[in-house]
Amino acid sequence: MQVAPVRVDEAQSLSALSGLEVLDTGPEAQFDALVRVASLACGTPIALLSLVDRNRQWFKANIGLPGFTQTPRDIAFCAHGVLGDDLLEVPDAQLDSRFADNPLVTGEPHVRFYAGAPIRLNDGYCIGTLCVVDHKPRQLDEAQRDILRSLALMASSALEARRALVAAVDLVEDLYDNAPCAYHSLDAQGTFLHINATELAWLGCTREDVIGKRQMADFLTAEGRALLEAAFPKLMTVGRCEGLEFDLVPASGAGRRVGVTATATTDADGNFRTRSVMFDVTERRAAELLAARQTATLVSVTEAIPGTVAIIGSDGLYRYVNGAFERWSGLPRERIVGCTARQVLGAAEFERHWPWVQRALAGEPVNFVLDYLSRDGPTYVEHSCIPLRPNDSAVDGFVVVTHDVTQQKLEESRLLGLAEHDPLTGLLNRTGFERYLDRALAEGNSASLALLYVDLDHFKPVNDQHGHPVGDHVLQAFAKRLMNLVRPTDAVSRLGGDEFAIALLGIEQRTDAELVADKVLSAAKAPFRIDGLEITIGASVGVAFEDCPVNGWQDLVKRADAKLLVAKAGGRGRQVGAHEVA
């Protein structure tokens, strides 16, 4: 058995995982749904959302492994899965030297097949996998692999959203405990179950003094106790009581007059409890200002978010938008709230959003990226739609949060460009050339297509006599000459060494391709002046043309390559064109 090495960024990954505050938490519906979809899509009895901790892998969501919450990291398949950038698939663990004698293979749960897609957070750190497991050997098809990768991306987004939600809950708890008004919860006998710091200060007590020990009536005058006794039956039957005012008599300090609103609920065990808020109405106006300040604080949380925030109800109407949304839309919120997304965004923009809006209204958390054009170039915005399920009931709309991912997209585009271009000449490399041809065929831009295969003649002596730097300059100069011969819609590629290719799209007749080939021969034959040297080489060209390339561009490539060989065999410095038989 091979123990997986630690990640190269192990410390940062562990820190990122810890920052999620998700380890050893209970099941959550959104993560259970992800592994359930993975199990169904891949046809496996087991699916897991596995987080790789310092000495263990821990399962946030688990389908098919009852009783398993974690395993040691040194036997975890997912410890291998977090090391790569793409899905790890093990068709038969008994035939894989890394896992053949792994206790998870030789014993329960008898793993034979494993496939895990890495879960990578927005900061780039891989903290676990979304994986599927079977008791028998198998392989996923490409569609199942894509689904597993997509589910891993959704898991990452859900974890990021959960982290934001935990921060919001912490903020709410802080506001609860330190609000300028008093909060408490009582049981059916009027005994304190919860109380915030403000009310403790009013009562002159510590939390240990009152929770489970003292009753609200202990801090009231006779008038207050009578009001409380009269209010409790109503609270238990109607569920709400408001407009009460009475005096608090604290254990120490000055008393105060308070206004009380209480609601009733039951806990998970069916036990009655109240939730009450009390305002100091001794200076009623001061209390009103404090309440307004509290509301402003809550609003400032959403206003501080750099992206847009909007709440859309199940009826399709905006319920709330933050200031960033106002600035983005160019409309005041008074003209947004109560309107539909189609009215606010416009029909065309709404249609772009609609597929994901449908999924969010169906209860699915979704993430998607849309592009927007501006004077400064394209802007890319990621949208996260989180369904609203009050009290675990039916979906009552969704929250959509956006943030700008332009820099990330531009970096991805830059890296893709590097992967598709020859670093010496700046031309397309073989991969980029083939992708260009794929796109041309897919977009229907190749009703007629010509391919020119070009090979420089007598180039090797240039390197041998003058050195590779001079040879590189010749290749760069020849590349520039080729680019000057073609249209912006055509493609020029350096396939490798001194071999080039040209794709001519939408030419009217094959003789046009042969005219370009003649220009290539002239461009190659013209002397190259490099560092005081005058270097003369030449080229051979093979040309293939097709009015409608039904057999794909690969057939044209094969024909052009064959004609190039004929051109070189026939004495070099010539072309074998589309009319000639190779």
# chains A, B, ... in the order shown; residues from 1 in each chain; ligands from 1
>>> residues_around(residues="Glu349 of chain A", least_positions_apart="6", cutoff="10 Å", atoms="only C-alpha atoms", output="list of chain:residue names")
A:Ala341, A:Arg342, A:Leu370
>>> residues_around(residues="Leu153 of chain A", least_positions_apart="4", cutoff="12 Å", atoms="only C-alpha atoms", output="list in words")
Leu34, Leu49, Asp86, Leu87, Ala117, Pro118, Ile119, Arg120, Leu121, Asn122, Cys126, Gly128, Thr129, Leu130, Asp146, Ile147, Leu148, Arg149, Ser157, Ala158, Leu159, Glu160, Pro365, Val366, Asn367 and Phe368 of chain A
>>> select_by_dssp(residues="segment 218-358 of chain A", states="strand (DSSP E or B)", output="PyMOL selection string")
chain A and resi 220+240-248+256-266+272-280+309-312+317-321+340
>>> select_by_dssp(residues="segment 423-571 of chain A", states="helix (DSSP H, G or I)", output="MDAnalysis selection string")
chainID A and resid 430:442 460:466 468:485 510:525 553:569
>>> residues_around(residues="segment 533-544 of chain A", least_positions_apart="4", cutoff="6 Å", atoms="only C-alpha atoms", output="PyMOL selection string")
chain A and resi 450-458+521+524-525+527-529+556+559-560+563-564+567-568+572-578
>>> residues_around(residues="Cys241 of chain A", least_positions_apart="2", cutoff="6 Å", atoms="only C-alpha atoms", output="CSV table (one decimal) with all heavy atoms, in the first residue's frame")
chain,number,residue,atom,x,y,z
A,235,LEU,N,-50.4,33.9,25.3
A,235,LEU,CA,-49.2,33.5,24.5
A,235,LEU,C,-49.2,32.1,24.1
A,235,LEU,O,-48.8,31.7,23.0
A,235,LEU,CB,-48.0,33.9,25.4
A,235,LEU,CG,-46.6,33.9,24.7
A,235,LEU,CD1,-46.6,34.9,23.5
A,235,LEU,CD2,-45.5,34.2,25.7
A,261,THR,N,-42.5,42.6,23.7
A,261,THR,CA,-43.2,41.8,22.7
A,261,THR,C,-42.7,40.4,22.8
A,261,THR,O,-41.5,40.2,22.8
A,261,THR,CB,-43.0,42.3,21.2
A,261,THR,OG1,-43.5,43.7,21.2
A,261,THR,CG2,-43.7,41.5,20.2
A,262,ALA,N,-43.6,39.4,22.9
A,262,ALA,CA,-43.2,38.0,23.0
A,262,ALA,C,-44.0,37.2,22.0
A,262,ALA,O,-45.1,37.4,21.6
A,262,ALA,CB,-43.6,37.5,24.4
>>> closest_residue(among="A:Gln144, A:Gln407, A:Ser276, A:Thr106", to="Asp187 of chain A", atoms="only C-alpha atoms")
A:Ser276
>>> residues_around(residues="Gly432 of chain A", least_positions_apart="3", cutoff="12 Å", atoms="only C-alpha atoms", output="list in words")
Leu416, Gly417, Leu418, Ala419, Glu420, His421, Asp422, Gly426, Leu427, Leu428, Asn429, Arg435, Tyr436, Leu437, Asp438, Arg439, Ala491, Val492, Ser493, Arg494, Leu495 and Ala501 of chain A
>>> write_last_selection(atoms="N, CA and C atoms", output="PDB file, in the first residue's frame")
ATOM      1  N   LEU A 416      -4.533  29.843 -21.379  1.00  0.00           N
ATOM      2  CA  LEU A 416      -4.962  29.073 -22.544  1.00  0.00           C
ATOM      3  C   LEU A 416      -4.202  29.519 -23.777  1.00  0.00           C
ATOM      4  N   GLY A 417      -4.000  30.852 -23.888  1.00  0.00           N
ATOM      5  CA  GLY A 417      -3.230  31.350 -25.025  1.00  0.00           C
ATOM      6  C   GLY A 417      -1.815  30.823 -25.025  1.00  0.00           C
ATOM      7  N   LEU A 418      -1.188  30.756 -23.859  1.00  0.00           N
ATOM      8  CA  LEU A 418       0.162  30.205 -23.770  1.00  0.00           C
ATOM      9  C   LEU A 418       0.182  28.745 -24.171  1.00  0.00           C
ATOM     10  N   ALA A 419      -0.884  28.023 -23.810  1.00  0.00           N
ATOM     11  CA  ALA A 419      -0.930  26.590 -24.130  1.00  0.00           C
ATOM     12  C   ALA A 419      -1.141  26.349 -25.610  1.00  0.00           C
ATOM     13  N   GLU A 420      -1.677  27.343 -26.350  1.00  0.00           N
ATOM     14  CA  GLU A 420      -2.021  27.128 -27.758  1.00  0.00           C
ATOM     15  C   GLU A 420      -1.064  27.836 -28.717  1.00  0.00           C
ATOM     16  N   HIS A 421      -0.045  28.502 -28.216  1.00  0.00           N
ATOM     17  CA  HIS A 421       0.849  29.257 -29.094  1.00  0.00           C
ATOM     18  C   HIS A 421       2.299  28.818 -28.935  1.00  0.00           C
ATOM     19  N   ASP A 422       3.017  28.900 -30.029  1.00  0.00           N
ATOM     20  CA  ASP A 422       4.443  28.580 -30.053  1.00  0.00           C
ATOM     21  C   ASP A 422       5.205  29.726 -29.401  1.00  0.00           C
ATOM     22  N   GLY A 426       5.285  32.920 -31.791  1.00  0.00           N
ATOM     23  CA  GLY A 426       3.988  33.491 -31.478  1.00  0.00           C
ATOM     24  C   GLY A 426       2.859  32.936 -32.316  1.00  0.00           C
ATOM     25  N   LEU A 427       3.179  32.053 -33.269  1.00  0.00           N
ATOM     26  CA  LEU A 427       2.129  31.416 -34.067  1.00  0.00           C
ATOM     27  C   LEU A 427       1.407  30.361 -33.233  1.00  0.00           C
ATOM     28  N   LEU A 428       0.266  29.896 -33.745  1.00  0.00           N
ATOM     29  CA  LEU A 428      -0.403  28.761 -33.117  1.00  0.00           C
ATOM     30  C   LEU A 428       0.534  27.557 -33.118  1.00  0.00           C
ATOM     31  N   ASN A 429       0.515  26.793 -32.011  1.00  0.00           N
ATOM     32  CA  ASN A 429       1.215  25.505 -32.042  1.00  0.00           C
ATOM     33  C   ASN A 429       0.265  24.441 -32.592  1.00  0.00           C
ATOM     34  N   ARG A 435      -7.337  23.048 -32.558  1.00  0.00           N
ATOM     35  CA  ARG A 435      -8.526  23.625 -31.943  1.00  0.00           C
ATOM     36  C   ARG A 435      -9.152  24.684 -32.835  1.00  0.00           C
ATOM     37  N   TYR A 436      -8.314  25.444 -33.547  1.00  0.00           N
ATOM     38  CA  TYR A 436      -8.833  26.425 -34.508  1.00  0.00           C
ATOM     39  C   TYR A 436      -9.662  25.721 -35.580  1.00  0.00           C
ATOM     40  N   LEU A 437      -9.147  24.606 -36.114  1.00  0.00           N
ATOM     41  CA  LEU A 437      -9.883  23.876 -37.148  1.00  0.00           C
ATOM     42  C   LEU A 437     -11.169  23.278 -36.577  1.00  0.00           C
ATOM     43  N   ASP A 438     -11.100  22.776 -35.346  1.00  0.00           N
ATOM     44  CA  ASP A 438     -12.321  22.252 -34.703  1.00  0.00           C
ATOM     45  C   ASP A 438     -13.385  23.339 -34.616  1.00  0.00           C
ATOM     46  N   ARG A 439     -12.986  24.530 -34.175  1.00  0.00           N
ATOM     47  CA  ARG A 439     -13.946  25.621 -34.036  1.00  0.00           C
ATOM     48  C   ARG A 439     -14.506  26.034 -35.394  1.00  0.00           C
ATOM     49  N   ALA A 491      -5.436  31.013 -40.418  1.00  0.00           N
ATOM     50  CA  ALA A 491      -4.595  30.595 -39.297  1.00  0.00           C
ATOM     51  C   ALA A 491      -3.244  30.129 -39.804  1.00  0.00           C
ATOM     52  N   VAL A 492      -2.198  30.542 -39.083  1.00  0.00           N
ATOM     53  CA  VAL A 492      -0.831  30.097 -39.387  1.00  0.00           C
ATOM     54  C   VAL A 492      -0.282  29.418 -38.147  1.00  0.00           C
ATOM     55  N   SER A 493       0.357  28.264 -38.341  1.00  0.00           N
ATOM     56  CA  SER A 493       0.852  27.486 -37.206  1.00  0.00           C
ATOM     57  C   SER A 493       2.268  27.021 -37.469  1.00  0.00           C
ATOM     58  N   ARG A 494       3.049  27.022 -36.402  1.00  0.00           N
ATOM     59  CA  ARG A 494       4.332  26.310 -36.435  1.00  0.00           C
ATOM     60  C   ARG A 494       4.096  24.962 -35.767  1.00  0.00           C
ATOM     61  N   LEU A 495       4.130  23.905 -36.574  1.00  0.00           N
ATOM     62  CA  LEU A 495       3.825  22.583 -36.068  1.00  0.00           C
ATOM     63  C   LEU A 495       4.976  22.001 -35.271  1.00  0.00           C
ATOM     64  N   ALA A 501       2.090  25.269 -41.031  1.00  0.00           N
ATOM     65  CA  ALA A 501       0.828  24.955 -41.692  1.00  0.00           C
ATOM     66  C   ALA A 501      -0.018  26.212 -41.754  1.00  0.00           C
TER      67      ALA A 501
END
>>> atom_distance(atom1="atom CA of His466 of chain A", atom2="atom CA of Asp561 of chain A")
29.0 Å
>>> closest_residue(among="A:Leu203, A:Ala264, A:Ile127, A:Ala155", to="Ala188 of chain A", atoms="only C-alpha atoms")
A:Ala264
>>> residues_around(residues="Asp396 of chain A", least_positions_apart="4", cutoff="10 Å", atoms="only C-alpha atoms", output="JSON, numbers by chain")
{"A": [312, 313, 314, 315, 316, 361, 362, 363, 387, 388, 389, 390]}
>>> write_last_selection(atoms="N, CA, C and O atoms", output="PDB file, in the first residue's frame")
ATOM      1  N   ILE A 312     -35.005  37.543  -4.477  1.00  0.00           N
ATOM      2  CA  ILE A 312     -36.130  37.431  -5.404  1.00  0.00           C
ATOM      3  C   ILE A 312     -37.073  36.364  -4.875  1.00  0.00           C
ATOM      4  O   ILE A 312     -36.658  35.242  -4.561  1.00  0.00           O
ATOM      5  N   GLY A 313     -38.346  36.715  -4.740  1.00  0.00           N
ATOM      6  CA  GLY A 313     -39.329  35.792  -4.209  1.00  0.00           C
ATOM      7  C   GLY A 313     -39.751  34.751  -5.225  1.00  0.00           C
ATOM      8  O   GLY A 313     -39.427  34.824  -6.419  1.00  0.00           O
ATOM      9  N   SER A 314     -40.500  33.745  -4.745  1.00  0.00           N
ATOM     10  CA  SER A 314     -40.981  32.694  -5.635  1.00  0.00           C
ATOM     11  C   SER A 314     -41.952  33.243  -6.674  1.00  0.00           C
ATOM     12  O   SER A 314     -42.201  32.600  -7.694  1.00  0.00           O
ATOM     13  N   ASP A 315     -42.499  34.440  -6.432  1.00  0.00           N
ATOM     14  CA  ASP A 315     -43.372  35.079  -7.413  1.00  0.00           C
ATOM     15  C   ASP A 315     -42.585  35.825  -8.481  1.00  0.00           C
ATOM     16  O   ASP A 315     -43.166  36.450  -9.382  1.00  0.00           O
ATOM     17  N   GLY A 316     -41.245  35.779  -8.390  1.00  0.00           N
ATOM     18  CA  GLY A 316     -40.398  36.424  -9.392  1.00  0.00           C
ATOM     19  C   GLY A 316     -40.166  37.893  -9.160  1.00  0.00           C
ATOM     20  O   GLY A 316     -39.522  38.555  -9.983  1.00  0.00           O
ATOM     21  N   LEU A 361     -35.151  28.370  -8.459  1.00  0.00           N
ATOM     22  CA  LEU A 361     -36.535  28.321  -7.983  1.00  0.00           C
ATOM     23  C   LEU A 361     -36.988  26.897  -7.726  1.00  0.00           C
ATOM     24  O   LEU A 361     -37.942  26.673  -6.969  1.00  0.00           O
ATOM     25  N   ALA A 362     -36.294  25.931  -8.353  1.00  0.00           N
ATOM     26  CA  ALA A 362     -36.606  24.522  -8.107  1.00  0.00           C
ATOM     27  C   ALA A 362     -35.888  23.991  -6.866  1.00  0.00           C
ATOM     28  O   ALA A 362     -36.038  22.825  -6.513  1.00  0.00           O
ATOM     29  N   GLY A 363     -35.081  24.848  -6.219  1.00  0.00           N
ATOM     30  CA  GLY A 363     -34.426  24.449  -4.981  1.00  0.00           C
ATOM     31  C   GLY A 363     -32.979  24.059  -5.125  1.00  0.00           C
ATOM     32  O   GLY A 363     -32.369  23.550  -4.184  1.00  0.00           O
ATOM     33  N   PRO A 387     -31.198  29.040  -2.934  1.00  0.00           N
ATOM     34  CA  PRO A 387     -32.647  28.973  -2.685  1.00  0.00           C
ATOM     35  C   PRO A 387     -32.980  29.303  -1.231  1.00  0.00           C
ATOM     36  O   PRO A 387     -32.224  28.992  -0.315  1.00  0.00           O
ATOM     37  N   LEU A 388     -34.135  29.923  -1.022  1.00  0.00           N
ATOM     38  CA  LEU A 388     -34.640  30.236   0.313  1.00  0.00           C
ATOM     39  C   LEU A 388     -35.686  29.196   0.689  1.00  0.00           C
ATOM     40  O   LEU A 388     -36.660  28.981  -0.035  1.00  0.00           O
ATOM     41  N   ARG A 389     -35.475  28.530   1.823  1.00  0.00           N
ATOM     42  CA  ARG A 389     -36.420  27.538   2.326  1.00  0.00           C
ATOM     43  C   ARG A 389     -36.749  27.877   3.778  1.00  0.00           C
ATOM     44  O   ARG A 389     -36.170  27.294   4.701  1.00  0.00           O
ATOM     45  N   PRO A 390     -37.649  28.806   4.024  1.00  0.00           N
ATOM     46  CA  PRO A 390     -37.973  29.165   5.412  1.00  0.00           C
ATOM     47  C   PRO A 390     -38.548  27.970   6.157  1.00  0.00           C
ATOM     48  O   PRO A 390     -39.495  27.332   5.700  1.00  0.00           O
TER      49      PRO A 390
END
>>> closest_residue(among="A:Thr379, A:Asn178, A:Gln12, A:Thr69", to="Ala197 of chain A", atoms="only C-alpha atoms")
A:Asn178
>>> closest_residue(among="A:Asp472, A:Asp92, A:Asp280, A:Asp9", to="Pro180 of chain A", atoms="only C-alpha atoms")
A:Asp280
>>> atom_distance(atom1="atom CA of Gly19 of chain A", atom2="atom CA of Val401 of chain A")
20.7 Å
>>> residues_around(residues="Ala226 of chain A", least_positions_apart="2", cutoff="12 Å", atoms="only C-alpha atoms", output="ChimeraX atom specification")
/A:216-217,220-224,228-232,244-247
>>> atom_distance(atom1="atom CA of Gln476 of chain A", atom2="atom CA of Leu504 of chain A")
20.9 Å
